[in-house]
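Next up, start.txt (compact mmCIF, C-alpha atoms and all ligand atoms):
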```txt
# COMPACT_ATOMS: atom_id res chain seq x y z
CA MET Y 634 -111.78 161.89 -70.89
CA LYS Y 635 -113.53 161.49 -67.57
CA THR Y 636 -117.33 161.69 -67.34
CA HIS Y 637 -119.56 162.17 -64.31
CA LEU Y 638 -123.21 161.22 -64.80
CA PHE Y 639 -125.79 162.49 -62.31
CA PHE Y 640 -129.18 160.80 -62.35
CA TYR Y 641 -132.60 161.17 -60.79
CA THR Y 642 -135.07 158.29 -61.04
CA GLY Y 643 -138.28 156.77 -59.70
CA THR Y 644 -138.47 153.45 -61.51
CA GLY Y 645 -134.93 152.98 -62.78
CA ASN Y 646 -135.22 154.03 -66.45
CA SER Y 647 -132.92 157.00 -65.93
CA LEU Y 648 -130.42 155.01 -63.85
CA TRP Y 649 -130.32 152.38 -66.60
CA ALA Y 650 -129.84 155.05 -69.28
CA ALA Y 651 -126.96 156.52 -67.25
CA ARG Y 652 -125.39 153.08 -66.95
CA VAL Y 653 -125.65 152.40 -70.68
CA MET Y 654 -124.06 155.78 -71.43
CA ALA Y 655 -121.31 155.18 -68.84
CA ASP Y 656 -120.50 151.81 -70.41
CA GLU Y 657 -120.32 153.38 -73.86
CA LEU Y 658 -118.09 156.27 -72.79
CA GLY Y 659 -115.84 154.36 -70.34
CA ASN Y 660 -114.04 156.04 -67.42
CA ALA Y 661 -117.38 157.28 -66.08
CA GLU Y 662 -118.76 157.75 -62.60
CA ILE Y 663 -122.49 157.61 -61.83
CA SER Y 664 -124.10 159.31 -58.84
CA PRO Y 665 -127.63 160.21 -57.80
CA VAL Y 666 -128.30 163.96 -57.94
CA PRO Y 667 -127.15 165.28 -54.57
CA ARG Y 668 -130.02 166.15 -52.24
CA ASP Y 669 -127.91 168.57 -50.24
CA THR Y 670 -128.08 171.60 -52.45
CA VAL Y 671 -126.83 174.04 -49.82
CA ASN Y 672 -123.20 173.55 -50.79
CA PRO Y 673 -122.13 174.18 -54.40
CA VAL Y 674 -121.67 171.01 -56.48
CA ARG Y 675 -118.20 171.08 -58.04
CA ILE Y 676 -117.60 168.76 -60.96
CA GLU Y 677 -114.08 167.53 -61.58
CA ALA Y 678 -114.75 165.42 -64.67
CA ASP Y 679 -114.26 166.88 -68.17
CA VAL Y 680 -117.83 165.96 -69.11
CA ALA Y 681 -120.96 166.09 -66.94
CA GLY Y 682 -124.26 164.44 -67.83
CA ILE Y 683 -127.67 164.95 -66.22
CA VAL Y 684 -130.07 162.03 -66.70
CA PHE Y 685 -133.62 162.40 -65.43
CA PRO Y 686 -137.28 161.58 -66.12
CA VAL Y 687 -139.56 164.16 -67.75
CA HIS Y 688 -142.32 165.02 -65.27
CA ILE Y 689 -145.47 166.80 -66.47
CA TRP Y 690 -143.66 167.92 -69.65
CA GLY Y 691 -140.84 169.56 -67.75
CA LEU Y 692 -138.04 169.30 -65.21
CA PRO Y 693 -138.64 167.64 -61.82
CA GLN Y 694 -137.85 169.86 -58.83
CA PRO Y 695 -134.76 167.86 -57.69
CA VAL Y 696 -133.17 168.41 -61.12
CA ILE Y 697 -133.86 172.15 -60.89
CA ASN Y 698 -132.32 172.17 -57.40
CA PHE Y 699 -129.27 170.31 -58.68
CA VAL Y 700 -128.66 172.73 -61.57
CA LYS Y 701 -129.09 175.68 -59.22
CA ALA Y 702 -126.44 174.15 -56.94
CA LEU Y 703 -123.87 173.56 -59.70
CA ALA Y 704 -120.75 175.65 -59.24
CA VAL Y 705 -120.36 177.97 -62.21
CA ASP Y 706 -117.69 176.46 -64.41
CA ALA Y 707 -118.08 177.02 -68.12
CA SER Y 708 -115.05 174.87 -68.96
CA ARG Y 709 -116.97 171.57 -68.63
CA TYR Y 710 -118.99 169.93 -71.41
CA TYR Y 711 -122.56 169.48 -70.12
CA PHE Y 712 -125.14 167.21 -71.73
CA ALA Y 713 -128.54 165.84 -70.69
CA LEU Y 714 -130.69 162.79 -71.34
CA ALA Y 715 -134.40 163.57 -70.83
CA VAL Y 716 -135.92 160.13 -70.25
CA ASN Y 717 -139.62 160.08 -71.04
CA ALA Y 718 -142.57 158.08 -72.36
CA GLY Y 719 -142.93 159.81 -75.72
CA GLN Y 720 -143.58 163.47 -74.91
CA VAL Y 721 -140.36 165.28 -74.11
CA ALA Y 722 -142.02 168.58 -75.12
CA ALA Y 723 -139.92 171.61 -74.11
CA THR Y 724 -138.14 169.97 -71.17
CA LEU Y 725 -134.65 170.30 -72.61
CA LEU Y 726 -135.30 173.90 -73.66
CA GLN Y 727 -136.30 174.58 -70.04
CA LEU Y 728 -133.03 173.00 -68.88
CA ASP Y 729 -131.09 175.00 -71.46
CA ARG Y 730 -132.62 178.25 -70.18
CA LEU Y 731 -132.05 177.31 -66.55
CA MET Y 732 -128.39 176.57 -67.22
CA ILE Y 733 -127.91 179.83 -69.12
CA SER Y 734 -129.44 181.69 -66.17
CA ARG Y 735 -126.68 180.13 -64.04
CA GLY Y 736 -123.86 181.02 -66.42
CA LEU Y 737 -123.59 177.40 -67.62
CA TYR Y 738 -123.94 176.01 -71.11
CA LEU Y 739 -125.81 172.85 -72.13
CA SER Y 740 -123.89 171.57 -75.15
CA SER Y 741 -126.31 168.82 -76.11
CA GLY Y 742 -129.58 167.29 -74.88
CA PHE Y 743 -131.34 164.14 -76.04
CA ASP Y 744 -134.88 162.74 -75.93
CA ILE Y 745 -134.76 159.12 -74.69
CA VAL Y 746 -138.12 157.32 -74.95
CA MET Y 747 -138.67 154.49 -72.44
CA PRO Y 748 -141.71 152.68 -70.98
CA SER Y 749 -144.15 154.87 -69.03
CA ASN Y 750 -144.16 154.75 -65.25
CA TYR Y 751 -147.06 157.22 -64.98
CA ILE Y 752 -149.47 154.71 -63.48
CA PRO Y 753 -152.36 157.13 -62.84
CA TRP Y 754 -152.85 157.04 -66.64
CA GLY Y 755 -152.36 153.28 -67.01
CA GLY Y 756 -149.78 150.51 -66.96
CA PRO Y 757 -146.52 150.40 -68.90
CA GLY Y 758 -148.04 148.66 -71.96
CA PRO Y 759 -147.45 145.17 -73.39
CA GLY Y 760 -144.09 143.51 -72.62
CA ASP Y 761 -142.94 143.33 -76.25
CA LYS Y 762 -143.57 147.06 -76.80
CA ARG Y 763 -141.73 147.88 -73.59
CA MET Y 764 -138.72 145.82 -74.68
CA LYS Y 765 -138.83 147.49 -78.10
CA ARG Y 766 -138.61 150.92 -76.43
CA ILE Y 767 -135.78 149.79 -74.16
CA ASN Y 768 -133.83 148.31 -77.08
CA GLU Y 769 -134.35 151.43 -79.19
CA ALA Y 770 -133.26 153.61 -76.27
CA ARG Y 771 -130.09 151.50 -75.91
CA GLU Y 772 -129.33 151.93 -79.61
CA LYS Y 773 -129.91 155.68 -79.45
CA ILE Y 774 -127.64 156.07 -76.40
CA LYS Y 775 -124.92 154.13 -78.24
CA ARG Y 776 -125.35 156.41 -81.27
CA ILE Y 777 -125.21 159.68 -79.35
CA SER Y 778 -122.28 158.59 -77.17
CA SER Y 779 -119.95 159.51 -80.05
CA ILE Y 780 -121.37 163.07 -80.05
CA ILE Y 781 -120.60 163.31 -76.34
CA ALA Y 782 -117.19 161.66 -76.63
CA GLY Y 783 -116.37 164.23 -79.34
CA ARG Y 784 -117.80 167.01 -77.11
CA GLN Y 785 -119.83 168.25 -80.02
CA LYS Y 786 -122.36 171.04 -79.68
CA ASP Y 787 -125.81 170.04 -80.85
CA PRO Y 788 -129.16 171.84 -80.46
CA VAL Y 789 -131.26 170.19 -77.71
CA GLU Y 790 -134.05 167.89 -78.89
CA LYS Y 791 -137.65 169.03 -78.43
CA GLY Y 792 -141.23 168.11 -79.23
CA PRO Y 793 -143.50 169.71 -81.84
CA ILE Y 794 -144.15 173.41 -81.29
CA TRP Y 795 -147.83 172.96 -80.25
CA GLN Y 796 -146.70 170.51 -77.54
CA ASN Y 797 -144.00 172.86 -76.32
CA ILE Y 798 -146.44 175.74 -75.94
CA LEU Y 799 -149.47 173.87 -74.58
CA PHE Y 800 -147.68 171.40 -72.32
CA SER Y 801 -145.27 173.98 -70.93
CA TRP Y 802 -148.35 175.91 -69.90
CA PHE Y 803 -149.76 172.80 -68.15
CA TYR Y 804 -146.38 172.37 -66.46
CA SER Y 805 -146.42 175.92 -65.14
CA LEU Y 806 -149.99 175.49 -63.88
CA SER Y 807 -149.37 172.18 -62.11
CA PHE Y 808 -145.80 172.57 -60.81
CA SER Y 809 -146.69 174.18 -57.48
CA HIS Y 810 -149.32 171.48 -56.80
CA VAL Y 811 -146.90 168.53 -57.14
CA PRO Y 812 -146.01 168.26 -53.41
CA THR Y 813 -149.64 167.72 -52.41
CA LEU Y 814 -150.62 165.34 -55.23
CA ASP Y 815 -149.78 162.58 -52.74
CA LYS Y 816 -153.26 163.11 -51.26
CA ASN Y 817 -154.40 160.68 -53.98
CA PHE Y 818 -152.30 157.80 -52.56
CA TRP Y 819 -153.94 155.22 -50.33
CA VAL Y 820 -152.98 151.80 -49.07
CA ASP Y 821 -155.09 148.66 -49.34
CA ASP Y 822 -155.20 145.65 -47.06
CA LYS Y 823 -152.39 143.82 -48.88
CA CYS Y 824 -149.88 146.03 -47.02
CA SER Y 825 -147.49 143.84 -45.01
CA SER Y 826 -145.93 146.77 -43.09
CA CYS Y 827 -142.52 146.00 -44.66
CA ASN Y 828 -141.46 149.69 -44.60
CA ILE Y 829 -139.97 149.60 -48.12
CA CYS Y 830 -142.06 152.55 -49.33
CA SER Y 831 -140.72 154.70 -46.54
CA LYS Y 832 -137.12 153.66 -47.28
CA ILE Y 833 -137.40 154.19 -51.03
CA CYS Y 834 -138.95 157.66 -50.97
CA PRO Y 835 -136.20 160.07 -52.07
CA CYS Y 836 -137.55 163.00 -50.04
CA GLY Y 837 -138.63 161.41 -46.75
CA ASN Y 838 -142.28 161.94 -47.62
CA ILE Y 839 -143.55 158.67 -46.13
CA ASP Y 840 -143.99 158.11 -42.41
CA MET Y 841 -145.00 154.71 -41.05
CA ARG Y 842 -147.97 155.08 -38.70
CA ALA Y 843 -149.32 151.95 -37.02
CA GLY Y 844 -147.43 149.94 -39.66
CA LYS Y 845 -148.99 151.73 -42.65
CA PRO Y 846 -147.61 154.52 -44.86
CA ALA Y 847 -148.75 158.10 -44.37
CA TRP Y 848 -147.81 160.69 -47.02
CA LEU Y 849 -146.57 164.05 -45.74
CA HIS Y 850 -147.39 166.38 -48.68
CA LYS Y 851 -143.86 167.14 -49.81
CA CYS Y 852 -144.05 164.61 -52.64
CA GLU Y 853 -141.94 164.76 -55.82
CA GLN Y 854 -144.32 162.41 -57.73
CA CYS Y 855 -141.45 160.09 -58.68
CA LEU Y 856 -143.91 157.19 -58.16
CA ALA Y 857 -141.22 154.94 -56.64
CA CYS Y 858 -143.48 154.07 -53.68
CA ILE Y 859 -146.44 152.82 -55.74
CA GLN Y 860 -144.28 151.09 -58.37
CA TRP Y 861 -141.91 149.28 -55.99
CA CYS Y 862 -144.30 148.21 -53.19
CA PRO Y 863 -143.74 144.41 -53.20
CA GLU Y 864 -147.40 143.74 -52.34
CA GLU Y 865 -148.80 146.25 -54.88
CA ALA Y 866 -150.71 147.63 -51.91
CA ILE Y 867 -150.26 151.32 -52.74
CA GLN Y 868 -152.93 152.84 -54.96
CA TYR Y 869 -153.41 156.26 -56.58
CA GLY Y 870 -156.99 157.32 -57.18
CA LYS Y 871 -159.52 154.70 -58.23
CA LYS Y 872 -158.02 152.93 -61.22
CA THR Y 873 -154.57 151.69 -60.17
CA PRO Y 874 -155.80 148.42 -58.55
CA ARG Y 875 -156.19 147.10 -62.10
CA TYR Y 876 -152.99 148.54 -63.61
CA GLU Y 877 -149.74 146.61 -63.91
CA ARG Y 878 -146.74 147.94 -61.94
CA TYR Y 879 -143.51 148.86 -63.70
CA HIS Y 880 -139.85 149.24 -63.00
CA HIS Y 881 -136.92 148.84 -65.34
CA PRO Y 882 -136.14 145.10 -65.62
CA GLU Y 883 -132.38 145.58 -65.06
CA VAL Y 884 -132.69 147.82 -62.00
CA ASN Y 885 -133.44 146.42 -58.56
CA LEU Y 886 -134.93 147.65 -55.33
CA MET Y 887 -131.55 148.06 -53.62
CA ASP Y 888 -130.35 150.31 -56.46
CA ILE Y 889 -133.32 152.61 -55.92
CA ILE Y 890 -133.07 152.65 -52.14
CA ALA Y 891 -129.37 153.50 -52.46
CA ALA Y 892 -130.18 156.23 -54.99
CA SER Y 893 -132.90 157.70 -52.81
CA ARG Y 894 -130.39 158.02 -49.97
CA GLY Y 895 -127.83 159.51 -52.32
CA ASN Y 896 -125.23 157.10 -50.98
CA ALA Y 897 -122.65 154.80 -52.52
CA ASP Y 898 -124.34 151.40 -52.16
CA GLY Y 899 -124.91 150.15 -55.65
CA ALA Y 900 -126.11 153.28 -57.37
CA ASN Y 901 -123.01 155.41 -57.02
CA HIS Y 902 -120.20 153.68 -58.81
CA LYS Y 903 -117.45 153.95 -61.37
CA ARG Y 904 -117.58 152.20 -64.74
CA ALA Y 905 -114.23 151.56 -66.33
C1 LIG Y 1001 -145.28 162.63 -62.44
C2 LIG Y 1001 -144.87 162.10 -63.77
C3 LIG Y 1001 -145.07 162.86 -64.90
C4 LIG Y 1001 -144.67 162.38 -66.15
N1 LIG Y 1001 -144.80 163.19 -67.23
C5 LIG Y 1001 -144.35 162.78 -68.44
C6 LIG Y 1001 -144.39 163.66 -69.57
O1 LIG Y 1001 -144.75 164.81 -69.46
N2 LIG Y 1001 -143.96 163.19 -70.76
C7 LIG Y 1001 -143.53 161.90 -70.91
O2 LIG Y 1001 -143.19 161.51 -72.02
N3 LIG Y 1001 -143.45 161.05 -69.86
C8 LIG Y 1001 -143.85 161.48 -68.62
N4 LIG Y 1001 -143.75 160.63 -67.54
C9 LIG Y 1001 -143.18 159.29 -67.73
C10 LIG Y 1001 -141.71 159.24 -67.34
O3 LIG Y 1001 -141.01 160.37 -67.79
C11 LIG Y 1001 -141.03 157.99 -67.95
O4 LIG Y 1001 -141.74 156.82 -67.70
C12 LIG Y 1001 -139.59 157.87 -67.46
O5 LIG Y 1001 -138.95 156.90 -68.25
C13 LIG Y 1001 -139.49 157.44 -66.00
O6 LIG Y 1001 -138.13 157.45 -65.64
P1 LIG Y 1001 -137.58 156.86 -64.26
O7 LIG Y 1001 -137.84 155.37 -64.29
O8 LIG Y 1001 -136.12 157.16 -64.31
O9 LIG Y 1001 -138.28 157.53 -63.15
C14 LIG Y 1001 -144.13 161.08 -66.29
C15 LIG Y 1001 -143.94 160.31 -65.13
C16 LIG Y 1001 -144.29 160.81 -63.89
C17 LIG Y 1001 -144.05 159.96 -62.68
S1 LIG Y 1002 -144.05 148.98 -49.34
FE1 LIG Y 1002 -146.15 148.30 -49.57
S2 LIG Y 1002 -146.34 146.54 -48.22
FE2 LIG Y 1002 -144.49 147.63 -47.61
S3 LIG Y 1002 -145.17 149.07 -45.97
FE3 LIG Y 1002 -145.26 150.19 -47.90
S4 LIG Y 1002 -147.38 149.90 -48.59
FE4 LIG Y 1002 -147.00 148.34 -47.04
S1 LIG Y 1003 -144.18 159.73 -51.75
FE1 LIG Y 1003 -143.90 158.26 -53.40
S2 LIG Y 1003 -144.18 159.45 -55.28
FE2 LIG Y 1003 -143.85 160.92 -53.61
S3 LIG Y 1003 -141.65 161.34 -53.65
FE3 LIG Y 1003 -141.98 159.68 -52.18
S4 LIG Y 1003 -141.70 157.79 -53.34
FE4 LIG Y 1003 -141.95 159.46 -54.82
```

Encoding of this model in structure tokens:
Amino acid sequence: MKTHLFFYTGTGNSLWAARVMADELGNAEISPVPRDTVNPVRIEADVAGIVFPVHIWGLPQPVINFVKALAVDASRYYFALAVNAGQVAATLLQLDRLMISRGLYLSSGFDIVMPSNYIPWGGPGPGDKRMKRINEAREKIKRISSIIAGRQKDPVEKGPIWQNILFSWFYSLSFSHVPTLDKNFWVDDKCSSCNICSKICPCGNIDMRAGKPAWLHKCEQCLACIQWCPEEAIQYGKKTPRYERYHHPEVNLMDIIAASRGNADGANHKRA
């Protein structure tokens, strides 16, 4: 059985989850979600997985674009890992509906809880709690890999009903504002003009002007720029100067830059 895992990520949690799943399944290829969604994405593997962070209790735009670009082929087994910080809400139901609207079928979908990268609300929490989440996520991925290897159909995981109703409403209210939320970013005087933020942005939303980043209001809110800036010079609103930065401990800057370019350096690879 051959598996192709497609991932989207800001701080590496989803890339790591895809890697753990690939290692469990064997004979798996991992690629960033293609950014070119003009041409249909044809999947050759028997099994296709979509691994992505939950954003504002729903699907991030690049994941929606990817699903809309998938060539209609009901013969594959599709599954998803919704990587989140404890509130998956109705994200996998949204994905299920989106796939049905495309003539595709999501056979299984899992809630994978990892440390939070949503720095506007605070840091990732104490190191021991973070490691506990990562270890529990690893165990869960190992457990569910047998469901995927057996191509079993399983209802997608979801949050409590109140969360699904209320937070899906928040999602629908906020979704169209995401591209301009970058107006809250600013850069402090620790900036060394290294250009990493511009290179890491998956959607070319950061221009360097006089050696400092300028955000262009087509942001995906992946938070890679603020979390990976080596000087911690990027801020969001008033509180982030005192919040700890986060990225997954087993994912490095080059992995994320490669992923943001959708190319084969590091992030796009086969796992035997
Ligand atoms: C804009 C944004 C919105 C988020 N919304 C949610 C959410 O609704 N529920 C949740 O549990 N986590 C939420 N998170 C946290 C991420 O889903 C979580 O930290 C995830 O593991 C990050 O994955 P990544 O490292 O692959 O980007 C949000 C993060 C961002 C950046
Ligand atoms: S990554 Fe940080 S230090 Fe480097 S240019 Fe961007 S803001 Fe400045
Ligand atoms: S500007 Fe920052 S938060 Fe927005 S898409 Fe680019 S890297 Fe992600």

> Of the candidates Y:Gly742, Y:Pro673, Y:Pro693, Y:Pro667, which shows the shortest atom-to-atom distance to Ile774 (chain Y), using all atoms listed in the file?
Replying inline: Y:Gly742

Taking a cut-off of 9 Å and counting only C-alpha atoms and all ligand atoms, can you build a table that, for each residue of chain Y near ligand LIG 1002 (chain Y), reports the nearest atom pair and how far apart they are in Å (one decimal), sorted by chain then residue number, as a tab-separated table?
```
residue	atom	partner	partner_atom	distance
Y:Trp819	CA	Y:LIG1002	S4	8.6
Y:Val820	CA	Y:LIG1002	S4	5.9
Y:Asp821	CA	Y:LIG1002	S4	7.8
Y:Asp822	CA	Y:LIG1002	FE4	8.6
Y:Lys823	CA	Y:LIG1002	S2	6.7
Y:Cys824	CA	Y:LIG1002	FE4	3.7
Y:Ser825	CA	Y:LIG1002	S2	4.3
Y:Ser826	CA	Y:LIG1002	S3	3.8
Y:Cys827	CA	Y:LIG1002	FE2	3.9
Y:Asn828	CA	Y:LIG1002	S3	4.0
Y:Ile829	CA	Y:LIG1002	S1	4.3
Y:Cys830	CA	Y:LIG1002	S1	4.1
Y:Ser831	CA	Y:LIG1002	FE3	6.5
Y:Lys832	CA	Y:LIG1002	S1	8.6
Y:Ile833	CA	Y:LIG1002	S1	8.6
Y:Ile839	CA	Y:LIG1002	FE3	8.8
Y:Met841	CA	Y:LIG1002	S3	7.5
Y:Gly844	CA	Y:LIG1002	S3	6.8
Y:Lys845	CA	Y:LIG1002	S3	5.7
Y:Pro846	CA	Y:LIG1002	FE3	5.8
Y:Cys858	CA	Y:LIG1002	S1	6.7
Y:Ile859	CA	Y:LIG1002	FE1	7.7
Y:Trp861	CA	Y:LIG1002	S1	7.0
Y:Cys862	CA	Y:LIG1002	S1	3.9
Y:Pro863	CA	Y:LIG1002	FE1	5.8
Y:Glu864	CA	Y:LIG1002	S2	5.1
Y:Glu865	CA	Y:LIG1002	FE1	6.3
Y:Ala866	CA	Y:LIG1002	FE1	5.2
Y:Ile867	CA	Y:LIG1002	S4	5.2
Y:Gln868	CA	Y:LIG1002	S4	8.9
```

Those same residues, written as an mmCIF file, keeping the file's coordinate frame with C-alpha atoms?
```cif
data_model
loop_
_atom_site.group_PDB
_atom_site.id
_atom_site.type_symbol
_atom_site.label_atom_id
_atom_site.label_comp_id
_atom_site.auth_asym_id
_atom_site.auth_seq_id
_atom_site.Cartn_x
_atom_site.Cartn_y
_atom_site.Cartn_z
ATOM 1 C CA TRP Y 819 -153.940 155.220 -50.330
ATOM 2 C CA VAL Y 820 -152.980 151.800 -49.070
ATOM 3 C CA ASP Y 821 -155.090 148.660 -49.340
ATOM 4 C CA ASP Y 822 -155.200 145.650 -47.060
ATOM 5 C CA LYS Y 823 -152.390 143.820 -48.880
ATOM 6 C CA CYS Y 824 -149.880 146.030 -47.020
ATOM 7 C CA SER Y 825 -147.490 143.840 -45.010
ATOM 8 C CA SER Y 826 -145.930 146.770 -43.090
ATOM 9 C CA CYS Y 827 -142.520 146.000 -44.660
ATOM 10 C CA ASN Y 828 -141.460 149.690 -44.600
ATOM 11 C CA ILE Y 829 -139.970 149.600 -48.120
ATOM 12 C CA CYS Y 830 -142.060 152.550 -49.330
ATOM 13 C CA SER Y 831 -140.720 154.700 -46.540
ATOM 14 C CA LYS Y 832 -137.120 153.660 -47.280
ATOM 15 C CA ILE Y 833 -137.400 154.190 -51.030
ATOM 16 C CA ILE Y 839 -143.550 158.670 -46.130
ATOM 17 C CA MET Y 841 -145.000 154.710 -41.050
ATOM 18 C CA GLY Y 844 -147.430 149.940 -39.660
ATOM 19 C CA LYS Y 845 -148.990 151.730 -42.650
ATOM 20 C CA PRO Y 846 -147.610 154.520 -44.860
ATOM 21 C CA CYS Y 858 -143.480 154.070 -53.680
ATOM 22 C CA ILE Y 859 -146.440 152.820 -55.740
ATOM 23 C CA TRP Y 861 -141.910 149.280 -55.990
ATOM 24 C CA CYS Y 862 -144.300 148.210 -53.190
ATOM 25 C CA PRO Y 863 -143.740 144.410 -53.200
ATOM 26 C CA GLU Y 864 -147.400 143.740 -52.340
ATOM 27 C CA GLU Y 865 -148.800 146.250 -54.880
ATOM 28 C CA ALA Y 866 -150.710 147.630 -51.910
ATOM 29 C CA ILE Y 867 -150.260 151.320 -52.740
ATOM 30 C CA GLN Y 868 -152.930 152.840 -54.960
#
```

> Closest to Lys773 (chain Y) among Y:Ile663, Y:Ile889, Y:Met654, Y:Leu849, using all atoms listed in the file?
Replying inline: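 Looking only at the distances to Lys773 (chain Y), the closest residue turns out to be Y:Met654.
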
> Counting only C-alpha atoms, which residues come within 8 Å of (-125.8, 161.9, -64.4), with the point read in the file's coordinates, and could you list them as a ChimeraX atom specification?
Replying inline: /Y:637-641,651,663-666,681-685,713

> How would you write, as a PyMOL selection string, the set of residues no farther than 6 Å from ligand LIG 1001 (chain Y) when counting all atoms listed in the file?
Replying inline: chain Y and resi 642-647+685-690+716-721+747-751+854-856

> In Å, with one decimal, what is the gap from CA of Asp729 (chain Y) to CA of Glu769 (chain Y)?
Replying inline: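 Pair CA of Asp729 (chain Y) / CA of Glu769 (chain Y) returns 25.0 Å.
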
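Here the question is which of Y:Glu853, Y:Gly837, Y:Pro793, Y:Pro759 gets nearest to Asp815 (chain Y) using only C-alpha atoms, and that residue is Y:Glu853.
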
>> I want to know what sits within 10 Å of region 706-710 of chain Y, based on all atoms listed in the file, with residues of the same chain fewer than 6 positions away left out; could you give that as a list in words?
In response: Thr636, Arg675, Ile676, Glu677, Ala678, Asp679, Val680, Ala681, Gly682, Arg735, Gly736, Leu737, Tyr738, Leu739, Ser740, Ser741, Ile781, Ala782, Arg784, Gln785 and Lys786 of chain Y

>> Report, in Å to a single decimal, how far apart CA of Leu703 (chain Y) and CA of Ala722 (chain Y) are.
In response: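 About the pair CA of Ala722 (chain Y) and CA of Leu703 (chain Y): they are 24.3 Å apart.
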
>> Applying 9 Å and all atoms listed in the file, which residues near Gly870 (chain Y) remain after dropping the ones on its own chain fewer than 4 positions away? List them as an MDAnalysis selection string.
In response: chainID Y and resid 753 817:819

>> Please report the interatomic distance between CA of Ala770 (chain Y) and CA of Met732 (chain Y) in Å with one decimal.
In response: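 So the answer is 25.2 Å.
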